[in-house]
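What's in work.pdb: PDB, C-alpha atoms
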```pdb
ATOM      1  CA  MET W   1      -7.345  -6.380 -12.304
ATOM      2  CA  LEU W   2      -8.511  -3.250 -10.568
ATOM      3  CA  ARG W   3      -6.235  -0.267 -10.782
ATOM      4  CA  PRO W   4      -7.291   3.076  -9.357
ATOM      5  CA  GLN W   5      -5.833   5.278 -12.049
ATOM      6  CA  ARG W   6      -7.791   8.403 -11.297
ATOM      7  CA  LEU W   7      -9.206   9.858  -8.131
ATOM      8  CA  GLU W   8     -11.622  12.717  -8.410
ATOM      9  CA  LEU W   9     -12.971  15.054  -5.748
ATOM     10  CA  LEU W  10     -16.395  16.340  -6.687
ATOM     11  CA  PRO W  11     -17.759  19.724  -5.640
ATOM     12  CA  SER W  12     -20.180  17.887  -3.378
ATOM     13  CA  GLY W  13     -17.265  16.626  -1.343
ATOM     14  CA  GLU W  14     -17.465  13.079  -2.656
ATOM     15  CA  ALA W  15     -14.419  11.382  -4.090
ATOM     16  CA  THR W  16     -14.646   8.909  -6.934
ATOM     17  CA  PHE W  17     -12.222   6.451  -8.481
ATOM     18  CA  ASP W  18     -11.886   5.818 -12.166
ATOM     19  CA  TRP W  19     -10.466   2.367 -12.732
ATOM     20  CA  SER W  20      -9.554   2.880 -16.345
ATOM     21  CA  GLY W  21      -7.300   5.327 -18.057
ATOM     22  CA  THR W  22      -3.584   5.642 -18.384
ATOM     23  CA  TYR W  23      -0.810   7.085 -16.294
ATOM     24  CA  SER W  24       1.916   9.381 -17.538
ATOM     25  CA  ASN W  25       4.859   9.303 -15.226
ATOM     26  CA  GLY W  26       3.938  11.525 -12.322
ATOM     27  CA  THR W  27       3.250  14.740 -14.137
ATOM     28  CA  ASP W  28      -0.294  15.403 -12.965
ATOM     29  CA  LYS W  29      -0.222  18.927 -11.575
ATOM     30  CA  ASN W  30      -2.652  18.224  -8.767
ATOM     31  CA  VAL W  31      -0.656  15.190  -7.659
ATOM     32  CA  VAL W  32       2.510  17.284  -7.728
ATOM     33  CA  ARG W  33       0.746  19.908  -5.622
ATOM     34  CA  ALA W  34      -0.331  17.312  -3.038
ATOM     35  CA  ARG W  35       3.132  15.753  -3.039
ATOM     36  CA  LYS W  36       4.832  19.081  -2.397
ATOM     37  CA  LYS W  37       2.439  19.928   0.406
ATOM     38  CA  TYR W  38       2.947  16.740   2.396
ATOM     39  CA  ASP W  39       6.103  15.063   1.234
ATOM     40  CA  SER W  40       8.643  16.023   3.854
ATOM     41  CA  ALA W  41      10.601  12.782   3.776
ATOM     42  CA  ARG W  42      12.866  11.213   1.219
ATOM     43  CA  LEU W  43      11.865   7.842  -0.101
TER      44      LEU W  43
ATOM     45  CA  MET H   1      13.350  -3.927  14.789
ATOM     46  CA  GLN H   2      16.554  -4.941  13.018
ATOM     47  CA  ALA H   3      15.844  -8.467  11.965
ATOM     48  CA  MET H   4      18.559 -11.049  11.557
ATOM     49  CA  ALA H   5      20.193 -11.184   8.146
ATOM     50  CA  ARG H   6      18.148 -12.844   5.446
ATOM     51  CA  GLN H   7      18.570 -13.299   1.740
ATOM     52  CA  CYS H   8      17.243 -10.967  -0.934
ATOM     53  CA  TRP H   9      13.716 -12.125  -1.759
ATOM     54  CA  ALA H  10      14.178 -11.068  -5.391
ATOM     55  CA  LYS H  11      17.336 -13.073  -5.951
ATOM     56  CA  SER H  12      15.592 -15.584  -8.242
ATOM     57  CA  LEU H  13      14.945 -12.866 -10.823
ATOM     58  CA  SER H  14      18.333 -11.352 -11.454
ATOM     59  CA  GLU H  15      21.769 -11.090  -9.939
ATOM     60  CA  CYS H  16      21.937  -9.332  -6.603
ATOM     61  CA  SER H  17      24.329  -6.551  -5.760
ATOM     62  CA  ASP H  18      27.104  -7.213  -3.273
ATOM     63  CA  ARG H  19      25.464  -5.623  -0.269
ATOM     64  CA  MET H  20      22.156  -6.130   1.468
ATOM     65  CA  SER H  21      20.154  -3.075   2.441
ATOM     66  CA  GLY H  22      17.729  -2.307   5.228
ATOM     67  CA  GLU H  23      14.338  -2.415   3.559
ATOM     68  CA  HIS H  24      11.607  -0.498   5.370
ATOM     69  CA  LEU H  25       8.752  -2.951   5.811
ATOM     70  CA  VAL H  26       6.355  -0.055   5.312
ATOM     71  CA  THR H  27       7.581   2.802   3.135
ATOM     72  CA  LYS H  28       9.316   5.229   5.453
ATOM     73  CA  ALA H  29       8.134   8.282   3.546
ATOM     74  CA  LEU H  30       4.592   7.558   4.722
ATOM     75  CA  PHE H  31       5.605   7.988   8.352
ATOM     76  CA  PRO H  32       8.579  10.372   8.392
ATOM     77  CA  GLY H  33       8.117  11.000  12.107
ATOM     78  CA  GLY H  34       8.127   7.343  13.095
ATOM     79  CA  TYR H  35       5.433   4.797  13.854
ATOM     80  CA  THR H  36       3.184   3.771  16.695
ATOM     81  CA  ILE H  37       2.662   0.095  15.997
ATOM     82  CA  ARG H  38       1.523  -3.222  17.329
ATOM     83  CA  GLY H  39       0.999  -6.726  15.985
ATOM     84  CA  PHE H  40       4.607  -7.584  15.239
ATOM     85  CA  PRO H  41       6.156 -10.498  17.119
ATOM     86  CA  TRP H  42       7.928  -8.105  19.470
ATOM     87  CA  CYS H  43       4.877  -5.915  20.138
ATOM     88  CA  ALA H  44       2.043  -8.349  19.645
ATOM     89  CA  THR H  45      -0.526  -6.714  21.899
ATOM     90  CA  GLU H  46       0.949  -3.428  23.108
ATOM     91  CA  PHE H  47       1.515  -0.310  21.038
ATOM     92  CA  LYS H  48       5.115   0.802  20.760
ATOM     93  CA  THR H  49       6.405   4.018  19.280
ATOM     94  CA  VAL H  50       9.569   3.596  17.239
ATOM     95  CA  GLY H  51      11.652   5.700  14.896
ATOM     96  CA  VAL H  52      11.228   5.678  11.149
ATOM     97  CA  ASN H  53      14.280   3.483  10.630
ATOM     98  CA  ALA H  54      13.371   0.948  13.285
ATOM     99  CA  LEU H  55      11.042  -1.130  11.130
ATOM    100  CA  THR H  56      13.588  -2.494   8.684
ATOM    101  CA  ALA H  57      14.905  -5.904   7.701
ATOM    102  CA  ASN H  58      17.737  -7.123   5.491
ATOM    103  CA  ILE H  59      15.514  -8.770   2.918
ATOM    104  CA  LEU H  60      16.571  -7.007  -0.286
ATOM    105  CA  CYS H  61      19.950  -6.362  -1.791
ATOM    106  CA  ARG H  62      20.784  -2.772  -2.486
ATOM    107  CA  GLY H  63      20.233  -3.174  -6.228
ATOM    108  CA  HIS H  64      16.767  -4.679  -6.010
ATOM    109  CA  ASN H  65      15.842  -2.211  -3.275
ATOM    110  CA  THR H  66      16.752   0.671  -5.576
ATOM    111  CA  THR H  67      14.819  -0.910  -8.451
ATOM    112  CA  LEU H  68      11.709  -0.937  -6.292
ATOM    113  CA  SER H  69      11.935   2.653  -5.082
ATOM    114  CA  PRO H  70       9.459   3.979  -7.732
ATOM    115  CA  LEU H  71       6.801   1.830  -6.062
ATOM    116  CA  ASP H  72       7.387   3.702  -2.806
ATOM    117  CA  ALA H  73       6.940   6.938  -4.731
ATOM    118  CA  ALA H  74       3.645   5.685  -6.170
ATOM    119  CA  ALA H  75       2.354   4.831  -2.699
ATOM    120  CA  LYS H  76       3.517   8.164  -1.350
ATOM    121  CA  ASP H  77       1.591   9.963  -4.077
ATOM    122  CA  VAL H  78      -1.612   8.100  -3.229
ATOM    123  CA  TRP H  79      -1.011   8.830   0.449
ATOM    124  CA  CYS H  80      -0.493  12.555  -0.183
ATOM    125  CA  VAL H  81      -3.469  12.837  -2.527
ATOM    126  CA  LEU H  82      -5.854  11.176  -0.081
ATOM    127  CA  ARG H  83      -4.699  13.509   2.669
ATOM    128  CA  TYR H  84      -4.932  16.488   0.334
ATOM    129  CA  ILE H  85      -8.486  15.594  -0.604
ATOM    130  CA  TRP H  86      -9.660  15.302   2.958
ATOM    131  CA  ASP H  87      -7.941  18.525   3.973
ATOM    132  CA  LEU H  88      -9.424  20.311   0.979
ATOM    133  CA  ASN H  89     -12.822  18.896   1.763
ATOM    134  CA  ALA H  90     -12.567  20.064   5.375
ATOM    135  CA  LEU H  91     -11.635  23.523   4.168
ATOM    136  CA  ARG H  92     -14.599  23.643   1.837
ATOM    137  CA  GLN H  93     -16.942  22.513   4.578
ATOM    138  CA  ALA H  94     -15.574  25.186   6.936
ATOM    139  CA  GLU H  95     -16.051  27.823   4.265
ATOM    140  CA  ALA H  96     -19.600  26.681   3.672
ATOM    141  CA  ALA H  97     -20.324  26.751   7.403
ATOM    142  CA  ALA H  98     -18.994  30.317   7.554
ATOM    143  CA  GLY H  99     -21.226  31.357   4.685
ATOM    144  CA  ILE H 100     -18.341  31.782   2.288
ATOM    145  CA  ARG H 101     -19.445  30.845  -1.185
ATOM    146  CA  ASN H 102     -16.458  30.208  -3.405
ATOM    147  CA  ARG H 103     -16.798  28.756  -6.844
ATOM    148  CA  ARG H 104     -15.873  25.076  -6.588
ATOM    149  CA  SER H 105     -14.625  22.957  -9.384
ATOM    150  CA  ARG H 106     -13.805  19.299  -9.773
ATOM    151  CA  VAL H 107     -10.270  18.378  -8.806
ATOM    152  CA  LYS H 108      -8.769  15.396 -10.596
ATOM    153  CA  PHE H 109      -5.683  13.421  -9.624
ATOM    154  CA  ARG H 110      -4.070  10.973 -12.008
ATOM    155  CA  LEU H 111      -2.150   8.410  -9.973
ATOM    156  CA  ASP H 112       0.102   5.472 -10.748
ATOM    157  CA  GLY H 113      -2.437   2.798  -9.868
ATOM    158  CA  ALA H 114      -0.354  -0.024 -11.319
ATOM    159  CA  GLY H 115       2.637   1.083  -9.267
ATOM    160  CA  PHE H 116       0.474   1.382  -6.180
ATOM    161  CA  GLU H 117      -0.783  -2.157  -6.712
ATOM    162  CA  ARG H 118       2.748  -3.514  -6.989
ATOM    163  CA  TRP H 119       3.720  -1.548  -3.864
ATOM    164  CA  ALA H 120       0.917  -3.216  -1.918
ATOM    165  CA  PHE H 121       2.167  -6.673  -2.909
ATOM    166  CA  LYS H 122       5.738  -5.611  -2.132
ATOM    167  CA  THR H 123       4.603  -4.692   1.354
ATOM    168  CA  MET H 124       2.975  -8.114   1.689
ATOM    169  CA  VAL H 125       6.203  -9.850   0.679
ATOM    170  CA  ASN H 126       8.221  -7.632   3.012
ATOM    171  CA  MET H 127       6.013  -8.630   5.923
ATOM    172  CA  VAL H 128       6.429 -12.347   5.266
ATOM    173  CA  ALA H 129      10.092 -12.314   4.234
ATOM    174  CA  SER H 130      11.060 -10.333   7.335
ATOM    175  CA  GLY H 131       9.545 -12.902   9.674
ATOM    176  CA  SER H 132       6.864 -10.469  10.825
ATOM    177  CA  VAL H 133       4.166 -13.030  10.002
ATOM    178  CA  THR H 134       4.336 -16.248  11.973
ATOM    179  CA  GLY H 135       4.511 -19.701  10.452
ATOM    180  CA  PHE H 136       6.780 -19.038   7.480
ATOM    181  CA  ALA H 137      10.297 -20.412   7.065
ATOM    182  CA  LYS H 138      13.199 -18.055   7.582
ATOM    183  CA  ASP H 139      14.350 -18.657   4.000
ATOM    184  CA  TRP H 140      10.874 -18.091   2.536
ATOM    185  CA  GLU H 141      10.790 -16.515  -0.895
ATOM    186  CA  PRO H 142       7.714 -15.334  -2.764
ATOM    187  CA  PRO H 143       6.565 -17.426  -5.752
ATOM    188  CA  ARG H 144       8.709 -16.417  -8.718
ATOM    189  CA  ASP H 145       5.780 -15.095 -10.744
ATOM    190  CA  LEU H 146       4.779 -12.818  -7.890
ATOM    191  CA  ALA H 147       8.341 -11.608  -7.366
ATOM    192  CA  ARG H 148       8.644 -10.904 -11.083
ATOM    193  CA  TYR H 149       5.380  -8.999 -11.096
ATOM    194  CA  ILE H 150       6.489  -6.814  -8.187
ATOM    195  CA  VAL H 151       9.986  -6.125  -9.480
ATOM    196  CA  GLU H 152       9.459  -6.040 -13.230
ATOM    197  CA  GLY H 153       5.753  -5.305 -13.667
ATOM    198  CA  GLY H 154       3.436  -7.128 -15.997
ATOM    199  CA  ALA H 155       0.187  -8.692 -14.952
ATOM    200  CA  LEU H 156      -1.243 -10.968 -12.309
ATOM    201  CA  PRO H 157      -3.770 -13.673 -13.233
ATOM    202  CA  GLU H 158      -7.028 -12.358 -14.667
ATOM    203  CA  GLY H 159      -9.289 -10.936 -11.981
ATOM    204  CA  SER H 160      -6.658 -10.866  -9.266
ATOM    205  CA  GLY H 161      -4.764  -7.819  -8.084
ATOM    206  CA  LEU H 162      -5.692  -4.939  -5.846
ATOM    207  CA  GLY H 163      -9.210  -3.804  -5.092
ATOM    208  CA  LEU H 164     -11.175  -1.664  -2.706
ATOM    209  CA  ALA H 165     -13.429  -3.151  -0.042
ATOM    210  CA  VAL H 166     -16.156  -0.571   0.345
ATOM    211  CA  VAL H 167     -19.873  -0.227   0.669
ATOM    212  CA  ILE H 168     -21.514   2.097  -1.818
ATOM    213  CA  GLY H 169     -22.271   5.330  -0.030
ATOM    214  CA  GLU H 170     -19.937   4.533   2.824
ATOM    215  CA  LYS H 171     -18.256   7.505   4.470
ATOM    216  CA  VAL H 172     -14.652   6.913   5.433
ATOM    217  CA  SER H 173     -12.381   8.841   7.746
ATOM    218  CA  ASP H 174      -8.835   9.817   6.943
ATOM    219  CA  GLN H 175      -5.785   9.497   9.148
ATOM    220  CA  ASP H 176      -2.131   8.524   9.003
ATOM    221  CA  TYR H 177      -2.851   4.843   9.344
ATOM    222  CA  ILE H 178      -1.931   1.484   7.842
ATOM    223  CA  SER H 179      -3.090  -1.967   8.886
ATOM    224  CA  PHE H 180      -2.106  -5.290   7.373
ATOM    225  CA  ALA H 181      -3.481  -8.817   7.531
ATOM    226  CA  LEU H 182      -2.066 -11.631   5.432
ATOM    227  CA  LEU H 183      -4.322 -13.980   3.500
ATOM    228  CA  ARG H 184      -2.808 -17.449   3.112
ATOM    229  CA  ARG H 185      -3.507 -19.962   0.394
ATOM    230  CA  GLU H 186      -6.125 -22.397   1.540
ATOM    231  CA  ASP H 187      -4.739 -25.347  -0.406
ATOM    232  CA  ARG H 188      -1.488 -25.563   1.529
ATOM    233  CA  PRO H 189      -0.713 -27.517   4.699
ATOM    234  CA  VAL H 190      -0.460 -25.545   7.916
ATOM    235  CA  ASP H 191       3.238 -26.297   8.254
ATOM    236  CA  ASP H 192       4.005 -25.179   4.697
ATOM    237  CA  PRO H 193       2.012 -21.996   4.222
ATOM    238  CA  GLU H 194       2.062 -19.695   1.228
ATOM    239  CA  ALA H 195       1.085 -16.047   1.030
ATOM    240  CA  GLU H 196      -1.753 -15.324  -1.334
ATOM    241  CA  GLY H 197      -3.001 -11.851  -0.587
ATOM    242  CA  PHE H 198      -3.864  -9.360   2.098
ATOM    243  CA  LEU H 199      -6.327  -6.983   3.619
ATOM    244  CA  MET H 200      -4.777  -3.589   4.136
ATOM    245  CA  GLY H 201      -6.003  -0.369   5.654
ATOM    246  CA  PHE H 202      -4.436   2.552   3.830
ATOM    247  CA  ARG H 203      -5.476   5.850   5.395
ATOM    248  CA  GLY H 204      -9.281   5.670   5.048
ATOM    249  CA  LEU H 205      -9.278   2.983   2.377
ATOM    250  CA  ARG H 206      -9.676  -0.749   2.873
ATOM    251  CA  LEU H 207      -7.693  -2.570   0.237
ATOM    252  CA  ALA H 208      -7.897  -6.237  -0.645
ATOM    253  CA  GLY H 209      -5.244  -7.993  -2.698
ATOM    254  CA  SER H 210      -4.971 -11.434  -4.240
ATOM    255  CA  SER H 211      -2.048 -12.655  -6.300
ATOM    256  CA  THR H 212      -3.689 -15.819  -7.592
ATOM    257  CA  ARG H 213      -7.467 -15.823  -7.407
ATOM    258  CA  PRO H 214     -10.087 -13.373  -8.640
ATOM    259  CA  LEU H 215     -10.813 -10.839  -5.964
ATOM    260  CA  ARG H 216     -14.520 -11.603  -5.964
ATOM    261  CA  SER H 217     -13.759 -15.134  -4.786
ATOM    262  CA  LEU H 218     -11.346 -13.951  -2.141
ATOM    263  CA  HIS H 219     -13.440 -11.837   0.127
ATOM    264  CA  ARG H 220     -17.065 -12.375   0.968
ATOM    265  CA  PRO H 221     -17.803 -10.205   3.981
ATOM    266  CA  VAL H 222     -20.481 -11.367   6.360
ATOM    267  CA  ASN H 223     -20.988  -7.872   7.672
ATOM    268  CA  LEU H 224     -21.482  -5.549   4.717
ATOM    269  CA  VAL H 225     -21.354  -2.486   6.943
ATOM    270  CA  ASN H 226     -17.844  -3.434   7.985
ATOM    271  CA  PRO H 227     -16.438  -5.679   5.248
ATOM    272  CA  GLU H 228     -13.078  -6.107   6.971
TER     273      GLU H 228
END
```

Represent the structure contained in this file as structure tokens.
Amino acid sequence: MLRPQRLELLPSGEATFDWSGTYSNGTDKNVVRARKKYDSARL
Amino acid sequence: MQAMARQCWAKSLSECSDRMSGEHLVTKALFPGGYTIRGFPWCATEFKTVGVNALTANILCRGHNTTLSPLDAAAKDVWCVLRYIWDLNALRQAEAAAGIRNRRSRVKFRLDGAGFERWAFKTMVNMVASGSVTGFAKDWEPPRDLARYIVEGGALPEGSGLGLAVVIGEKVSDQDYISFALLRREDRPVDDPEAEGFLMGFRGLRLAGSSTRPLRSLHRPVNLVNPE
């Protein structure tokens, strides 16, 4: 099963996925930053 | 579209709450301003612009709908992060073009990939259960194992799940966009179809999902430049 757990933007402008790793309940600060910037609607 | 009343597609898993709820076929938080859509039975060939609450169907009880809301949050996070990345990339390119040399570091985003995968299959089930895909019975329910996976988590058969359809080195564009195409099981008669997986455009990504077979057996693109 393929699960894109981590998405990484490189200085070159490329984005990569890391299919391994673990997830810890929405606390990633960069995800929170992106969510706050664009999330204008309730789920 | 307010579809006619149907039963909760998760009712085989646990007791339903008393009331049905209007499930958004595509998570409403992805398109807070509404949708411009086509391909549904009522807009098969022409684009129509509808409000955010127009694309709903009574296919989940309130309880199961609430249980599934974290999956919508997982999809929203992926949506926001992809947009954030492209906006950040555009900013960096503009700065470079203007001769501004800022120190750039890697930016990492840890997302709920498992939740995103379950959201994608939830969207597939929503499409079929709502009658948005032709050929399925009005009382269609997903296979119990698939419903359990979506609602309760766990694992799909080895090798199946959600994957990306990309070409190494491919450059993708980013926009507020979703497309969906159902993949049906090949071993079923035409008059008794079963949903197996999907091809989905999600912003700039092309996703492929299979609930039963290994992904590598599911999708063998003829045109490698455009695998869809």

Interface list for chain H, partner chain W, 9 Å threshold, all atoms listed in the file, as an NGL selection string:
:H and (27-33 or 69-70 or 72-74 or 76-86 or 88-90 or 92-93 or 104-114 or 116-117 or 155-164 or 214-215)

All residues 9 Å or closer to Met200 (chain H), all atoms listed in the file, same chain fewer than 3 positions away omitted, as a ChimeraX atom specification:
/H:120,178-182,205-209

What is the distance between CA of Ser211 (chain H) and CA of Ser21 (chain H), in Å to one decimal?
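Here the two named atoms are 25.7 Å from each other.
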
For the file shown, what are the residues hit by the PyMOL selection byres ((chain H and resi 190-196) around 9), laid out as a ChimeraX atom specification?
/H:124-125,128,135-137,142-143,182-189,197-198,209-213

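Going from CA of Ala147 (chain H) over to CA of Leu199 (chain H), you cover 18.9 Å.
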
Atomic separation - CA of Leu25 (chain H) relative to CA of Arg62 (chain H), Å:
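It comes out at 14.6 Å.
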
Name the closest residue to Phe121 (chain H) among the candidates H:Leu91, H:Leu68, H:Ala165, H:Ala54; distances are taken between atoms, counting only C-alpha atoms.
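The closest residue to Phe121 (chain H) is H:Leu68.
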
Counting only C-alpha atoms, what is within 12 Å of Thr49 (chain H), bar same-chain residues fewer than 2 positions away, as a ChimeraX atom specification?
/H:1,31,33-38,43,46-47,51-55

Any chance you could build region 177-210 of chain H out to N, CA and C atoms and write it as an mmCIF file, in the coordinates of the input?
```
data_model
loop_
_atom_site.group_PDB
_atom_site.id
_atom_site.type_symbol
_atom_site.label_atom_id
_atom_site.label_comp_id
_atom_site.auth_asym_id
_atom_site.auth_seq_id
_atom_site.Cartn_x
_atom_site.Cartn_y
_atom_site.Cartn_z
ATOM 1 N N TYR H 177 -2.576 6.168 8.798
ATOM 2 C CA TYR H 177 -2.851 4.843 9.344
ATOM 3 C C TYR H 177 -2.655 3.776 8.276
ATOM 4 N N ILE H 178 -2.016 2.681 8.680
ATOM 5 C CA ILE H 178 -1.931 1.484 7.842
ATOM 6 C C ILE H 178 -2.161 0.257 8.724
ATOM 7 N N SER H 179 -2.962 -0.664 8.239
ATOM 8 C CA SER H 179 -3.090 -1.967 8.886
ATOM 9 C C SER H 179 -2.807 -3.038 7.837
ATOM 10 N N PHE H 180 -2.454 -4.214 8.309
ATOM 11 C CA PHE H 180 -2.106 -5.290 7.373
ATOM 12 C C PHE H 180 -2.512 -6.636 7.949
ATOM 13 N N ALA H 181 -3.161 -7.438 7.152
ATOM 14 C CA ALA H 181 -3.481 -8.817 7.531
ATOM 15 C C ALA H 181 -3.222 -9.706 6.324
ATOM 16 N N LEU H 182 -2.426 -10.732 6.530
ATOM 17 C CA LEU H 182 -2.066 -11.631 5.432
ATOM 18 C C LEU H 182 -3.184 -12.628 5.164
ATOM 19 N N LEU H 183 -3.427 -12.897 3.897
ATOM 20 C CA LEU H 183 -4.322 -13.980 3.500
ATOM 21 C C LEU H 183 -3.463 -15.110 2.953
ATOM 22 N N ARG H 184 -3.621 -16.302 3.517
ATOM 23 C CA ARG H 184 -2.808 -17.449 3.112
ATOM 24 C C ARG H 184 -3.580 -18.326 2.148
ATOM 25 N N ARG H 185 -2.852 -19.018 1.306
ATOM 26 C CA ARG H 185 -3.507 -19.962 0.394
ATOM 27 C C ARG H 185 -4.168 -21.065 1.199
ATOM 28 N N GLU H 186 -5.366 -21.400 0.793
ATOM 29 C CA GLU H 186 -6.125 -22.397 1.540
ATOM 30 C C GLU H 186 -5.747 -23.829 1.173
ATOM 31 N N ASP H 187 -5.052 -23.993 0.056
ATOM 32 C CA ASP H 187 -4.739 -25.347 -0.406
ATOM 33 C C ASP H 187 -3.375 -25.829 0.061
ATOM 34 N N ARG H 188 -2.799 -25.176 1.039
ATOM 35 C CA ARG H 188 -1.488 -25.563 1.529
ATOM 36 C C ARG H 188 -1.578 -26.073 2.959
ATOM 37 N N PRO H 189 -0.709 -27.025 3.321
ATOM 38 C CA PRO H 189 -0.713 -27.517 4.699
ATOM 39 C C PRO H 189 -0.295 -26.418 5.682
ATOM 40 N N VAL H 190 -0.721 -26.571 6.906
ATOM 41 C CA VAL H 190 -0.460 -25.545 7.916
ATOM 42 C C VAL H 190 1.039 -25.340 8.114
ATOM 43 N N ASP H 191 1.803 -26.431 8.010
ATOM 44 C CA ASP H 191 3.238 -26.297 8.254
ATOM 45 C C ASP H 191 4.025 -25.898 7.004
ATOM 46 N N ASP H 192 3.335 -25.638 5.916
ATOM 47 C CA ASP H 192 4.005 -25.179 4.697
ATOM 48 C C ASP H 192 3.133 -24.113 4.026
ATOM 49 N N PRO H 193 2.961 -23.004 4.712
ATOM 50 C CA PRO H 193 2.012 -21.996 4.222
ATOM 51 C C PRO H 193 2.551 -21.234 3.016
ATOM 52 N N GLU H 194 1.662 -20.569 2.315
ATOM 53 C CA GLU H 194 2.062 -19.695 1.228
ATOM 54 C C GLU H 194 1.188 -18.443 1.266
ATOM 55 N N ALA H 195 1.824 -17.309 1.037
ATOM 56 C CA ALA H 195 1.085 -16.047 1.030
ATOM 57 C C ALA H 195 0.295 -15.929 -0.264
ATOM 58 N N GLU H 196 -0.940 -15.511 -0.140
ATOM 59 C CA GLU H 196 -1.753 -15.324 -1.334
ATOM 60 C C GLU H 196 -2.157 -13.866 -1.537
ATOM 61 N N GLY H 197 -2.526 -13.214 -0.462
ATOM 62 C CA GLY H 197 -3.001 -11.851 -0.587
ATOM 63 C C GLY H 197 -3.058 -11.181 0.762
ATOM 64 N N PHE H 198 -3.861 -10.161 0.865
ATOM 65 C CA PHE H 198 -3.864 -9.360 2.098
ATOM 66 C C PHE H 198 -5.122 -8.515 2.175
ATOM 67 N N LEU H 199 -5.401 -8.085 3.378
ATOM 68 C CA LEU H 199 -6.327 -6.983 3.619
ATOM 69 C C LEU H 199 -5.491 -5.866 4.220
ATOM 70 N N MET H 200 -5.619 -4.688 3.684
ATOM 71 C CA MET H 200 -4.777 -3.589 4.136
ATOM 72 C C MET H 200 -5.610 -2.327 4.320
ATOM 73 N N GLY H 201 -5.454 -1.705 5.479
ATOM 74 C CA GLY H 201 -6.003 -0.369 5.654
ATOM 75 C C GLY H 201 -4.968 0.631 5.194
ATOM 76 N N PHE H 202 -5.372 1.554 4.356
ATOM 77 C CA PHE H 202 -4.436 2.552 3.830
ATOM 78 C C PHE H 202 -5.120 3.906 3.969
ATOM 79 N N ARG H 203 -4.724 4.657 4.997
ATOM 80 C CA ARG H 203 -5.476 5.850 5.395
ATOM 81 C C ARG H 203 -6.946 5.441 5.575
ATOM 82 N N GLY H 204 -7.880 6.028 4.856
ATOM 83 C CA GLY H 204 -9.281 5.670 5.048
ATOM 84 C C GLY H 204 -9.748 4.530 4.158
ATOM 85 N N LEU H 205 -8.869 4.025 3.317
ATOM 86 C CA LEU H 205 -9.278 2.983 2.377
ATOM 87 C C LEU H 205 -9.056 1.597 2.952
ATOM 88 N N ARG H 206 -9.926 0.668 2.599
ATOM 89 C CA ARG H 206 -9.676 -0.749 2.873
ATOM 90 C C ARG H 206 -9.349 -1.421 1.551
ATOM 91 N N LEU H 207 -8.154 -1.926 1.457
ATOM 92 C CA LEU H 207 -7.693 -2.570 0.237
ATOM 93 C C LEU H 207 -7.700 -4.080 0.419
ATOM 94 N N ALA H 208 -7.996 -4.779 -0.645
ATOM 95 C CA ALA H 208 -7.897 -6.237 -0.645
ATOM 96 C C ALA H 208 -7.041 -6.640 -1.835
ATOM 97 N N GLY H 209 -6.115 -7.559 -1.623
ATOM 98 C CA GLY H 209 -5.244 -7.993 -2.698
ATOM 99 C C GLY H 209 -5.189 -9.503 -2.789
ATOM 100 N N SER H 210 -5.177 -10.006 -4.006
ATOM 101 C CA SER H 210 -4.971 -11.434 -4.240
ATOM 102 C C SER H 210 -4.010 -11.594 -5.405
#
```
